[in-house]
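Source file: start.cif (mmCIF, C-alpha atoms)
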data_final
#
loop_
_atom_site.label_atom_id
_atom_site.label_comp_id
_atom_site.auth_asym_id
_atom_site.auth_seq_id
_atom_site.Cartn_x
_atom_site.Cartn_y
_atom_site.Cartn_z
CA MET A 1 231.70 196.11 -39.28
CA TYR A 2 231.70 194.30 -35.93
CA THR A 3 235.22 193.42 -34.74
CA ALA A 4 235.82 190.78 -32.07
CA LEU A 5 239.12 191.47 -30.30
CA GLY A 6 240.47 189.07 -27.72
CA GLY A 7 242.07 185.78 -26.85
CA SER A 8 241.08 182.14 -26.94
CA ASN A 9 237.55 182.67 -25.60
CA THR A 10 236.83 185.03 -28.49
CA CYS A 11 238.37 182.46 -30.82
CA GLY A 12 236.19 179.74 -29.29
CA HIS A 13 239.07 177.53 -28.21
CA GLY A 14 238.52 175.13 -25.37
CA SER A 15 234.74 175.17 -25.72
CA GLU A 16 232.29 172.68 -27.11
CA PRO A 17 229.73 174.88 -28.93
CA PRO A 18 229.72 174.90 -32.72
CA ARG A 19 231.05 178.04 -34.33
CA LYS A 20 227.62 179.57 -34.82
CA MET A 21 227.05 179.45 -31.02
CA LEU A 22 230.18 181.40 -30.06
CA PHE A 23 229.41 184.78 -28.50
CA ARG A 24 231.05 186.66 -31.36
CA GLU A 25 228.83 184.87 -33.91
CA LEU A 26 225.68 185.41 -31.86
CA ILE A 27 226.48 189.11 -31.49
CA TYR A 28 227.24 189.49 -35.17
CA SER A 29 224.04 187.74 -36.22
CA ALA A 30 221.93 189.99 -33.99
CA LEU A 31 223.67 193.23 -35.04
CA ARG A 32 223.38 192.27 -38.69
CA GLY A 33 219.69 191.44 -38.18
CA GLN A 34 219.20 194.97 -36.81
CA GLY A 35 220.92 196.42 -39.89
CA LEU A 36 223.76 197.83 -37.78
CA VAL A 37 226.68 195.93 -39.37
CA ASP A 38 227.29 194.04 -42.58
CA SER A 39 230.55 192.22 -41.84
CA LEU A 40 232.50 190.47 -39.06
CA LYS A 41 236.23 190.84 -38.39
CA VAL A 42 237.60 188.14 -36.06
CA SER A 43 240.78 189.53 -34.47
CA CYS A 44 241.57 186.97 -31.81
CA ILE A 45 244.82 185.18 -31.02
CA PRO A 46 244.95 182.51 -28.30
CA ALA A 47 247.20 183.44 -25.35
CA ALA A 48 247.98 186.90 -26.77
CA PRO A 49 247.95 189.86 -24.36
CA PRO A 50 246.34 193.13 -25.53
CA THR A 51 249.70 194.71 -26.41
CA MET A 52 249.84 193.30 -29.93
CA ALA A 53 246.34 194.38 -30.92
CA ALA A 54 246.77 197.79 -29.28
CA ALA A 55 250.02 198.43 -31.16
CA CYS A 56 248.69 197.12 -34.50
CA LEU A 57 245.14 198.41 -34.05
CA SER A 58 244.78 199.57 -37.66
CA GLN A 59 245.17 195.92 -38.67
CA PHE A 60 243.19 194.32 -35.84
CA ALA A 61 240.30 196.82 -35.92
CA PRO A 62 240.28 198.36 -39.40
CA ALA A 63 238.63 201.68 -40.24
CA PRO A 64 235.13 200.28 -41.01
CA THR A 65 234.77 198.97 -37.44
CA SER A 66 231.72 200.50 -35.76
CA PHE A 67 231.13 197.90 -33.00
CA ALA A 68 233.79 195.97 -31.07
CA THR A 69 234.05 193.55 -28.18
CA VAL A 70 237.34 193.47 -26.24
CA GLU A 71 238.17 190.33 -24.20
CA TYR A 72 241.65 189.97 -22.69
CA THR A 73 241.38 189.38 -18.92
CA PRO A 74 242.50 185.70 -18.98
CA ASN A 75 245.60 186.67 -21.02
CA MET A 76 247.00 189.36 -18.72
CA HIS A 77 247.99 187.27 -15.71
CA ASP A 78 251.76 187.26 -16.43
CA GLN A 79 252.18 191.06 -16.66
CA PRO A 80 248.94 192.56 -15.32
CA SER A 81 250.11 196.17 -15.01
CA LEU A 82 251.58 196.18 -18.51
CA GLY A 83 248.50 194.48 -19.93
CA LEU A 84 246.15 196.96 -18.28
CA SER A 85 248.20 199.90 -19.54
CA HIS A 86 248.08 198.68 -23.12
CA LEU A 87 244.41 197.67 -22.82
CA ARG A 88 243.73 201.24 -21.76
CA GLU A 89 245.54 202.55 -24.84
CA MET A 90 243.44 200.30 -27.06
CA LEU A 91 240.14 201.33 -25.49
CA LEU A 92 241.00 205.02 -25.73
CA SER A 93 241.96 204.64 -29.40
CA LEU A 94 238.70 202.88 -30.21
CA SER A 95 236.72 205.51 -28.29
CA ARG A 96 238.43 208.34 -30.19
CA ARG A 97 237.25 206.64 -33.38
CA HIS A 98 233.67 206.57 -31.98
CA VAL A 99 233.55 202.77 -32.05
CA ARG A 100 230.83 201.29 -29.82
CA VAL A 101 232.85 199.10 -27.45
CA VAL A 102 231.81 196.48 -24.90
CA VAL A 103 234.53 195.19 -22.58
CA ILE A 104 234.04 191.48 -21.90
CA ASN A 105 235.64 190.64 -18.55
CA LEU A 106 235.87 186.85 -18.13
CA VAL A 107 237.37 186.15 -14.70
CA PRO A 108 238.83 182.70 -13.90
CA PRO A 109 238.66 181.83 -10.19
CA THR A 110 242.34 181.10 -9.49
CA GLY A 111 245.50 183.04 -8.65
CA ARG A 112 245.52 186.77 -9.35
CA TYR A 113 242.55 186.64 -11.74
CA PRO A 114 239.89 187.94 -9.29
CA SER A 115 241.91 191.08 -8.51
CA LEU A 116 242.79 191.49 -12.20
CA GLY A 117 239.12 191.20 -13.14
CA ALA A 118 238.26 193.94 -10.64
CA ARG A 119 240.92 196.19 -12.21
CA VAL A 120 239.56 195.59 -15.72
CA ALA A 121 236.03 196.47 -14.56
CA ALA A 122 237.36 199.60 -12.87
CA LEU A 123 239.20 200.62 -16.05
CA ALA A 124 236.03 200.30 -18.14
CA ALA A 125 234.11 202.36 -15.58
CA GLU A 126 236.81 205.06 -15.56
CA LEU A 127 236.61 205.34 -19.36
CA ARG A 128 232.78 205.21 -19.22
CA LEU A 129 232.68 202.16 -21.43
CA PRO A 130 230.05 199.45 -20.97
CA SER A 131 231.41 196.20 -19.62
CA LEU A 132 230.16 192.84 -18.47
CA THR A 133 231.87 190.59 -15.94
CA LEU A 134 231.37 186.83 -15.93
CA LEU A 135 232.73 185.14 -12.82
CA HIS A 136 233.44 181.43 -12.74
CA SER A 137 230.56 179.01 -12.26
CA ASN A 138 230.28 175.34 -13.12
CA ALA A 139 227.30 176.10 -15.35
CA SER A 140 229.14 178.61 -17.58
CA TRP A 141 232.77 177.51 -17.60
CA GLN A 142 234.78 174.59 -18.90
CA PRO A 143 236.54 172.31 -16.36
CA ASP A 144 239.90 173.91 -17.31
CA LEU A 145 238.71 177.07 -15.45
CA ARG A 146 239.98 179.29 -18.32
CA HIS A 147 237.34 178.97 -21.05
CA ILE A 148 233.60 179.48 -21.08
CA ASN A 149 231.24 176.82 -22.43
CA ARG A 150 228.10 177.04 -24.54
CA VAL A 151 226.06 178.46 -21.65
CA GLY A 152 228.76 181.04 -21.01
CA HIS A 153 228.92 182.10 -24.66
CA ALA A 154 225.14 182.54 -24.75
CA ALA A 155 225.19 184.59 -21.54
CA VAL A 156 228.00 186.84 -22.80
CA ALA A 157 226.26 187.42 -26.14
CA SER A 158 222.93 188.28 -24.49
CA ARG A 159 224.47 190.76 -22.06
CA ALA A 160 226.76 192.33 -24.67
CA LEU A 161 223.84 192.88 -27.04
CA ARG A 162 221.84 194.65 -24.34
CA LEU A 163 224.79 196.97 -23.78
CA PHE A 164 225.31 197.60 -27.50
CA LEU A 165 221.65 198.44 -28.05
CA ALA A 166 221.32 200.69 -24.98
CA PRO A 167 221.86 204.45 -25.39
CA PRO A 168 225.60 205.19 -25.26
CA ALA A 169 226.99 206.70 -22.07
CA LEU A 170 227.99 210.35 -22.11
CA PRO A 171 231.74 210.77 -22.64
CA PRO A 172 233.76 212.15 -19.71
CA SER A 173 233.85 215.95 -19.49
CA SER A 174 237.65 215.82 -19.81
CA PRO A 175 239.83 213.04 -21.25
CA PRO A 176 241.16 210.67 -18.59
CA SER A 177 244.75 211.46 -17.70
CA PRO A 178 246.99 208.55 -18.68
CA PRO A 179 248.84 206.83 -15.83
CA SER A 180 252.54 206.18 -16.14
CA SER A 181 253.06 203.16 -18.38
CA PRO A 182 255.38 200.27 -17.46
CA ALA A 183 256.50 200.33 -21.12
CA PRO A 184 255.38 202.47 -24.06
CA LEU A 185 253.13 200.92 -26.66
CA PRO A 186 255.35 199.35 -29.35
CA LEU A 187 255.64 200.62 -32.90
CA CYS A 188 253.73 198.52 -35.43
CA ALA A 189 253.73 199.56 -39.10
CA VAL A 190 252.34 197.44 -41.93
CA GLY A 191 252.15 198.16 -45.66
CA ALA A 192 251.75 201.87 -46.43
CA GLU A 193 252.34 202.68 -42.74
CA LEU A 194 256.05 201.99 -43.39
CA ARG A 195 256.42 205.09 -45.55
CA PRO A 196 256.72 207.68 -42.69
CA LEU A 197 259.55 205.60 -41.16
CA ILE A 198 261.84 205.95 -44.19
CA LEU A 199 265.03 207.96 -43.65
CA HIS A 200 266.65 206.92 -46.93
CA SER A 201 265.59 204.77 -49.85
CA SER A 202 267.37 203.80 -53.05
CA GLY A 203 265.77 201.10 -55.17
CA TRP A 204 262.81 200.41 -52.85
CA ARG A 205 259.23 201.46 -53.61
CA LEU A 206 255.81 200.98 -52.06
CA ALA A 207 253.99 198.24 -53.99
CA ASP A 208 250.70 196.44 -53.45
CA GLU A 209 250.37 193.04 -55.11
CA PRO A 210 247.07 191.62 -53.85
CA THR A 211 246.03 188.09 -54.65
CA ARG A 212 242.41 188.96 -53.79
CA ALA A 213 240.50 192.19 -54.25
CA ASP A 214 239.82 192.39 -50.49
CA ALA A 215 243.33 191.52 -49.26
CA SER A 216 246.09 194.10 -49.56
CA LYS A 217 249.69 192.89 -49.78
CA ALA A 218 251.32 196.30 -49.64
CA GLY A 219 254.97 196.61 -48.70
CA LEU A 220 258.30 198.11 -49.66
CA LEU A 221 259.65 196.25 -52.70
CA ALA A 222 263.21 196.08 -54.09
CA GLU A 223 263.84 194.35 -57.41
CA ALA A 224 267.52 195.11 -58.00
CA ALA A 225 270.66 193.98 -56.17
CA GLY A 226 272.16 196.52 -53.80
CA ALA A 227 268.93 198.40 -53.10
CA SER A 228 269.24 200.20 -49.76
CA LEU A 229 266.60 201.24 -47.25
CA THR A 230 267.01 202.93 -43.86
CA LEU A 231 264.14 203.08 -41.38
CA CYS A 232 263.96 205.28 -38.28
CA LEU A 233 262.46 203.24 -35.44
CA ARG A 234 261.35 205.14 -32.33
CA GLY A 235 259.65 204.44 -29.02
CA VAL A 236 262.27 202.75 -26.85
CA PRO A 237 263.85 204.62 -23.89
CA PRO A 238 267.57 205.44 -24.19
CA HIS A 239 269.85 202.46 -23.61
CA ALA A 240 266.91 200.06 -23.11
CA ALA A 241 266.91 196.57 -24.60
CA PHE A 242 264.66 196.23 -27.65
CA THR A 243 263.28 193.66 -30.04
CA ALA A 244 262.55 194.45 -33.68
CA ALA A 245 260.68 192.05 -35.95
CA PHE A 246 260.79 192.58 -39.72
CA LEU A 247 258.05 190.88 -41.72
CA LEU A 248 259.52 189.77 -45.05
CA GLU A 249 257.60 188.22 -47.89
CA ARG A 250 258.98 185.12 -49.60
CA SER A 251 257.86 183.22 -52.68
CA SER A 252 258.29 179.65 -53.86
CA VAL A 253 257.72 180.65 -57.50
CA ARG A 254 259.89 183.77 -57.86
CA PRO A 255 263.53 184.36 -56.87
CA MET A 256 263.69 186.28 -53.60
CA SER A 257 266.69 188.20 -52.38
CA ASN A 258 268.73 187.88 -49.25
CA VAL A 259 268.68 191.03 -47.12
CA SER A 260 271.36 192.25 -44.74
CA PHE A 261 270.57 194.34 -41.66
CA SER A 262 272.72 196.84 -39.74
CA CYS A 263 272.03 199.52 -37.12
CA ASP A 264 273.13 203.10 -36.47
CA GLY A 265 272.32 205.01 -33.31
CA CYS A 266 271.57 201.74 -31.52
CA ALA A 267 273.38 198.47 -31.00
CA CYS A 268 272.38 195.31 -32.82
CA PRO A 269 274.51 192.64 -34.49
CA PRO A 270 274.88 193.08 -38.27
CA THR A 271 273.21 189.93 -39.58
CA PRO A 272 272.40 188.64 -43.07
CA TYR A 273 268.93 187.36 -43.86
CA THR A 274 269.15 184.02 -45.65
CA THR A 275 266.81 181.25 -46.73
CA GLY A 276 267.14 177.54 -46.31
CA GLY A 277 265.91 175.69 -43.24
CA GLU A 278 262.79 176.32 -41.22
CA THR A 279 264.70 178.20 -38.56
CA ILE A 280 268.02 179.94 -39.16
CA GLY A 281 269.21 181.78 -36.09
CA SER A 282 266.82 184.67 -35.65
CA HIS A 283 264.98 183.97 -38.91
CA LEU A 284 261.60 182.55 -37.98
CA PHE A 285 259.58 180.70 -40.61
CA VAL A 286 255.93 181.52 -41.22
CA GLY A 287 253.58 180.10 -43.81
CA ALA A 288 253.84 177.52 -46.57
CA ARG A 289 256.96 175.41 -46.86
CA ARG A 290 259.28 175.78 -49.80
CA GLY A 291 258.02 173.93 -52.85
CA GLY A 292 254.41 174.31 -51.84
CA GLY A 293 253.69 176.64 -54.74
CA GLY A 294 252.48 179.50 -52.57
CA GLY A 295 253.83 182.41 -50.62
CA HIS A 296 256.31 182.46 -47.79
CA ALA A 297 256.42 184.90 -44.95
CA TRP A 298 259.42 185.23 -42.71
CA VAL A 299 260.04 187.12 -39.49
CA HIS A 300 263.55 188.43 -39.01
CA ARG A 301 264.24 189.43 -35.42
CA LEU A 302 266.87 191.88 -34.25
CA VAL A 303 267.58 192.04 -30.54
CA GLY A 304 269.68 194.97 -29.41
CA ARG A 305 269.97 198.01 -27.20
CA ALA A 306 268.89 201.58 -27.87
CA GLY A 307 271.46 204.36 -27.94
CA PRO A 308 271.22 207.87 -26.52
CA ARG A 309 269.31 209.17 -29.56
CA GLU A 310 265.58 208.74 -30.04
CA CYS A 311 265.96 207.23 -33.52
CA CYS A 312 267.32 203.73 -34.05
CA ALA A 313 268.27 203.69 -37.75
CA VAL A 314 268.09 200.19 -39.23
CA ALA A 315 269.54 199.76 -42.72
CA LEU A 316 268.44 196.98 -45.09
CA ARG A 317 270.37 196.07 -48.24
CA SER A 318 269.09 193.59 -50.81
CA GLY A 319 271.01 190.96 -52.76
CA GLU A 320 270.04 189.32 -56.04
CA GLY A 321 266.31 188.97 -56.79
CA ARG A 322 263.24 190.55 -55.21
CA ALA A 323 263.00 191.64 -51.60
CA LYS A 324 259.78 192.82 -49.96
CA LEU A 325 259.29 194.23 -46.47
CA SER A 326 255.64 193.94 -45.40
CA GLY A 327 255.87 195.37 -41.90
CA VAL A 328 257.91 196.02 -38.78
CA VAL A 329 257.30 195.78 -35.04
CA PHE A 330 259.67 197.57 -32.66
CA GLY A 331 259.61 198.09 -28.92
CA ALA A 332 261.13 197.49 -25.53
CA ASP A 333 261.74 193.83 -24.72
CA ALA A 334 259.25 193.97 -21.85
CA SER A 335 256.36 194.64 -24.24
CA VAL A 336 257.49 193.05 -27.53
CA GLY A 337 259.78 190.14 -26.78
CA GLY A 338 256.96 187.76 -25.84
CA TRP A 339 254.91 188.11 -29.03
CA ALA A 340 257.10 189.44 -31.86
CA ASN A 341 257.62 185.92 -33.17
CA SER A 342 256.32 183.60 -35.84
CA TYR A 343 253.49 182.13 -33.74
CA PHE A 344 251.72 185.38 -32.97
CA LEU A 345 252.59 187.37 -36.10
CA SER A 346 251.36 184.62 -38.42
CA ARG A 347 248.07 184.32 -36.52
CA ALA A 348 247.66 188.08 -36.65
CA GLN A 349 247.82 187.80 -40.46
CA LEU A 350 250.04 190.85 -40.61
CA ILE A 351 251.59 189.23 -43.68
CA ARG A 352 249.14 188.34 -46.43
CA ARG A 353 250.30 185.12 -48.02
CA ALA A 354 249.67 184.16 -51.63
#

Represent the supplied structure as structure tokens.
Amino acid sequence: MYTALGGSNTCGHGSEPPRKMLFRELIYSALRGQGLVDSLKVSCIPAAPPTMAAACLSQFAPAPTSFATVEYTPNMHDQPSLGLSHLREMLLSLSRRHVRVVVINLVPPTGRYPSLGARVAALAAELRLPSLTLLHSNASWQPDLRHINRVGHAAVASRALRLFLAPPALPPSSPPSPPSSPAPLPLCAVGAELRPLILHSSGWRLADEPTRADASKAGLLAEAAGASLTLCLRGVPPHAAFTAAFLLERSSVRPMSNVSFSCDGCACPPTPYTTGGETIGSHLFVGARRGGGGGHAWVHRLVGRAGPRECCAVALRSGEGRAKLSGVVFGADASVGGWANSYFLSRAQLIRRA
């Protein structure tokens, strides 16, 4: 599998070439022609920094990934140090899995981008990963100065393929020592990954109800009123502000339960989860509207503050009908607050809809 990780340039937004001329498609076609891969996983989200993909890497770059491109430079301008720290975590994780990685460093000409591009290139060199840098030129970039055009996509694909097909560089003699991170990588657990987080469970079980053979819909399922579940969420410094996002499945064809949330060992307002309008307080709507005959996916956000203990225990209690928790994201506000919302989580497809 070839996995294309990145932002809007990887997605092909803002550019005029047809889909088959995007760099990810050109790379995939060539690798498949060489018999090196048999499938393409497109894991791009416009405007998303690398934090989300790094935290949820098992979803963004699943186990069969053997080749990957990583393209995030234009999306790290708001928090460059944080973005570089989490990009580093992602690249190290992929390297430990022996994935052949090419870092694609697209550098817009304005603001802090030139210095950011130099830092991305230096990071790839430190980790001994092949990288290519494409600076702005009128021939290769769109007039918006943020997206490459057809010429740029072709140039990126050609250079990336040469790097993929060259003999791999020798790994460093000792693992690079990690620098201090502005914020730890957030917790991201989806499907069966929720099981190690369970402190207590009564009436909840792990269930997979796929609608397609190739699309898991695993999660923790409760089918009786009063079912209780307590999760231990870790990774936020003591007394730091946090954001938690709970990915809850909904259905327009089966009764679904309300769920109440409360916290122990950390501070967050006890809030009920209810259905109804598109947005109810912290309940963010994702997916098909009610009455559409398909699945619903909701994101319930808790915003609070960690206590002195490492574990923030969040308790869920179901009401009448089914309740299904598909995943959870938890981390310090600095690294989670900007993307643990309906826009990014729905585009990440962390909830598989019916």

Once the PyMOL selection byres ((chain A and resi 243-248) around 8) has been evaluated on this model, what residues remain selected, and can you format them as a list in words? Ala241, Phe242, Glu249, Arg250, Ala297, Trp298, Val299, His300, Arg301, Leu302, Val303, Gly304, Ala323, Lys324, Leu325, Ser326, Gly327, Val328, Val329, Phe330, Gly331, Ala332, Asp333, Val336, Gly337, Ala340, Asn341 and Ile351 of chain A

Which of A:Leu123, A:Ala139, A:Met52, A:Ala61 sits closest to A:Gly338 [using all atoms listed in the file]: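 Looking at the shortest contact to A:Gly338, the residue is A:Met52.
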
For atom CA of A:Ala306 and atom CA of A:Gly265, determine how far apart the two atoms are, in Å to one decimal place. 7.3 Å

Could you expand the PyMOL selection byres ((chain A and resi 119) around 12) into the explicit residues it covers here, written as a list of chain:residue names?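 This file gives the following for the PyMOL selection byres ((chain A and resi 119) around 12): A:Thr73, A:Met76, A:His77, A:Pro80, A:Ser81, A:Gly83, A:Leu84, A:Ser85, A:Leu87, A:Arg88, A:Asn105, A:Val107, A:Arg112, A:Tyr113, A:Pro114, A:Ser115, A:Leu116, A:Gly117, A:Ala118, A:Val120, A:Ala121, A:Ala122, A:Leu123, A:Ala124, A:Ala125, A:Glu126, A:Thr133.
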
When the PyMOL selection byres ((chain A and resi 138) around 12) is applied to the file above, which residues end up in the set, as a CSV table (one decimal) with C-alpha atoms, in the frame of the given file?
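Here's the written file part.csv:
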chain,number,residue,atom,x,y,z
A,108,PRO,CA,238.8,182.7,-13.9
A,109,PRO,CA,238.7,181.8,-10.2
A,134,LEU,CA,231.4,186.8,-15.9
A,135,LEU,CA,232.7,185.1,-12.8
A,136,HIS,CA,233.4,181.4,-12.7
A,137,SER,CA,230.6,179.0,-12.3
A,139,ALA,CA,227.3,176.1,-15.4
A,140,SER,CA,229.1,178.6,-17.6
A,141,TRP,CA,232.8,177.5,-17.6
A,142,GLN,CA,234.8,174.6,-18.9
A,143,PRO,CA,236.5,172.3,-16.4
A,144,ASP,CA,239.9,173.9,-17.3
A,145,LEU,CA,238.7,177.1,-15.4
A,146,ARG,CA,240.0,179.3,-18.3
A,147,HIS,CA,237.3,179.0,-21.0
A,148,ILE,CA,233.6,179.5,-21.1
A,149,ASN,CA,231.2,176.8,-22.4
A,150,ARG,CA,228.1,177.0,-24.5
A,151,VAL,CA,226.1,178.5,-21.6
A,152,GLY,CA,228.8,181.0,-21.0

Polymer residues at most 6 Å from A:Ser228, all atoms listed in the file, same-chain spacing of 6 or more positions, as JSON, numbers by chain: {"A": [201, 202, 316, 317]}

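Minimum distance to A:Gln34 across A:Leu161, A:Ala169, A:Leu127, A:Ala47 (counting all atoms listed in the file) occurs at A:Leu161.
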
Figure out the distance between atom CA of A:Val236 and atom CA of A:Ala222, please, to one decimal in Å.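 Answer for the atom CA of A:Ala222 to atom CA of A:Val236 separation: 28.1 Å.
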
Neighbour list for A:Ser95 as a list of chain:residue names, cut-off 10 Å, all atoms listed in the file, skip fewer than 4 positions in-chain: A:Glu89, A:Met90, A:Leu91, A:Val99, A:Arg100, A:Val101, A:Leu127, A:Arg128, A:Leu129, A:Pro171

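Take atom CA of A:Gly6 and atom CA of A:Leu132: the distance between them is 14.4 Å.
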
Considering only C-alpha atoms, give me a table of residues in stretch 48-108 of chain A that are at most 8 Å from stretch 7-30 of chain A, with the closest atom pair and distance in Å for each, as a tab-separated table.
residue	atom	partner	partner_atom	distance
A:Ala48	CA	A:Gly7	CA	6.0
A:Pro49	CA	A:Gly7	CA	7.6
A:Glu71	CA	A:Gly7	CA	6.6
A:Tyr72	CA	A:Gly7	CA	5.9
A:Pro74	CA	A:Gly7	CA	7.9
A:Asn75	CA	A:Gly7	CA	6.9

Between A:Cys266, A:Leu165, A:Ala155, A:Leu57, single out the one closest to A:His239, counting all atoms listed in the file. A:Cys266

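Among A:Cys263, A:Leu106, A:Pro184, A:Arg234, the residue with the shortest atom-to-atom distance to A:Ser335, counting all atoms listed in the file, is A:Pro184.
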
Using the structure just given, write a file holding C-alpha atoms for stretch 109-133 of chain A, as a short mmCIF file (atom, residue, chain, number, x, y, z; two decimals), in the first residue's frame.
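part-v4.cif, freshly written:
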data_model
loop_
_atom_site.label_atom_id
_atom_site.label_comp_id
_atom_site.auth_asym_id
_atom_site.auth_seq_id
_atom_site.Cartn_x
_atom_site.Cartn_y
_atom_site.Cartn_z
CA PRO A 109 7.20 32.34 -0.61
CA THR A 110 5.52 34.51 2.04
CA GLY A 111 5.77 35.10 5.79
CA ARG A 112 7.54 32.48 7.88
CA TYR A 113 7.27 29.76 5.22
CA PRO A 114 10.88 29.98 3.92
CA SER A 115 12.34 29.47 7.41
CA LEU A 116 9.77 26.75 8.14
CA GLY A 117 10.68 24.98 4.91
CA ALA A 118 14.35 25.03 5.91
CA ARG A 119 13.45 23.47 9.28
CA VAL A 120 11.43 20.71 7.60
CA ALA A 121 14.35 19.91 5.27
CA ALA A 122 16.72 19.86 8.25
CA LEU A 123 14.39 17.50 10.14
CA ALA A 124 14.30 15.04 7.22
CA ALA A 125 18.11 15.17 6.97
CA GLU A 126 18.48 14.57 10.72
CA LEU A 127 16.26 11.47 10.49
CA ARG A 128 18.05 10.37 7.27
CA LEU A 129 14.83 10.39 5.33
CA PRO A 130 14.72 11.38 1.66
CA SER A 131 13.02 14.69 1.01
CA LEU A 132 12.34 17.04 -1.85
CA THR A 133 11.85 20.79 -1.57
#
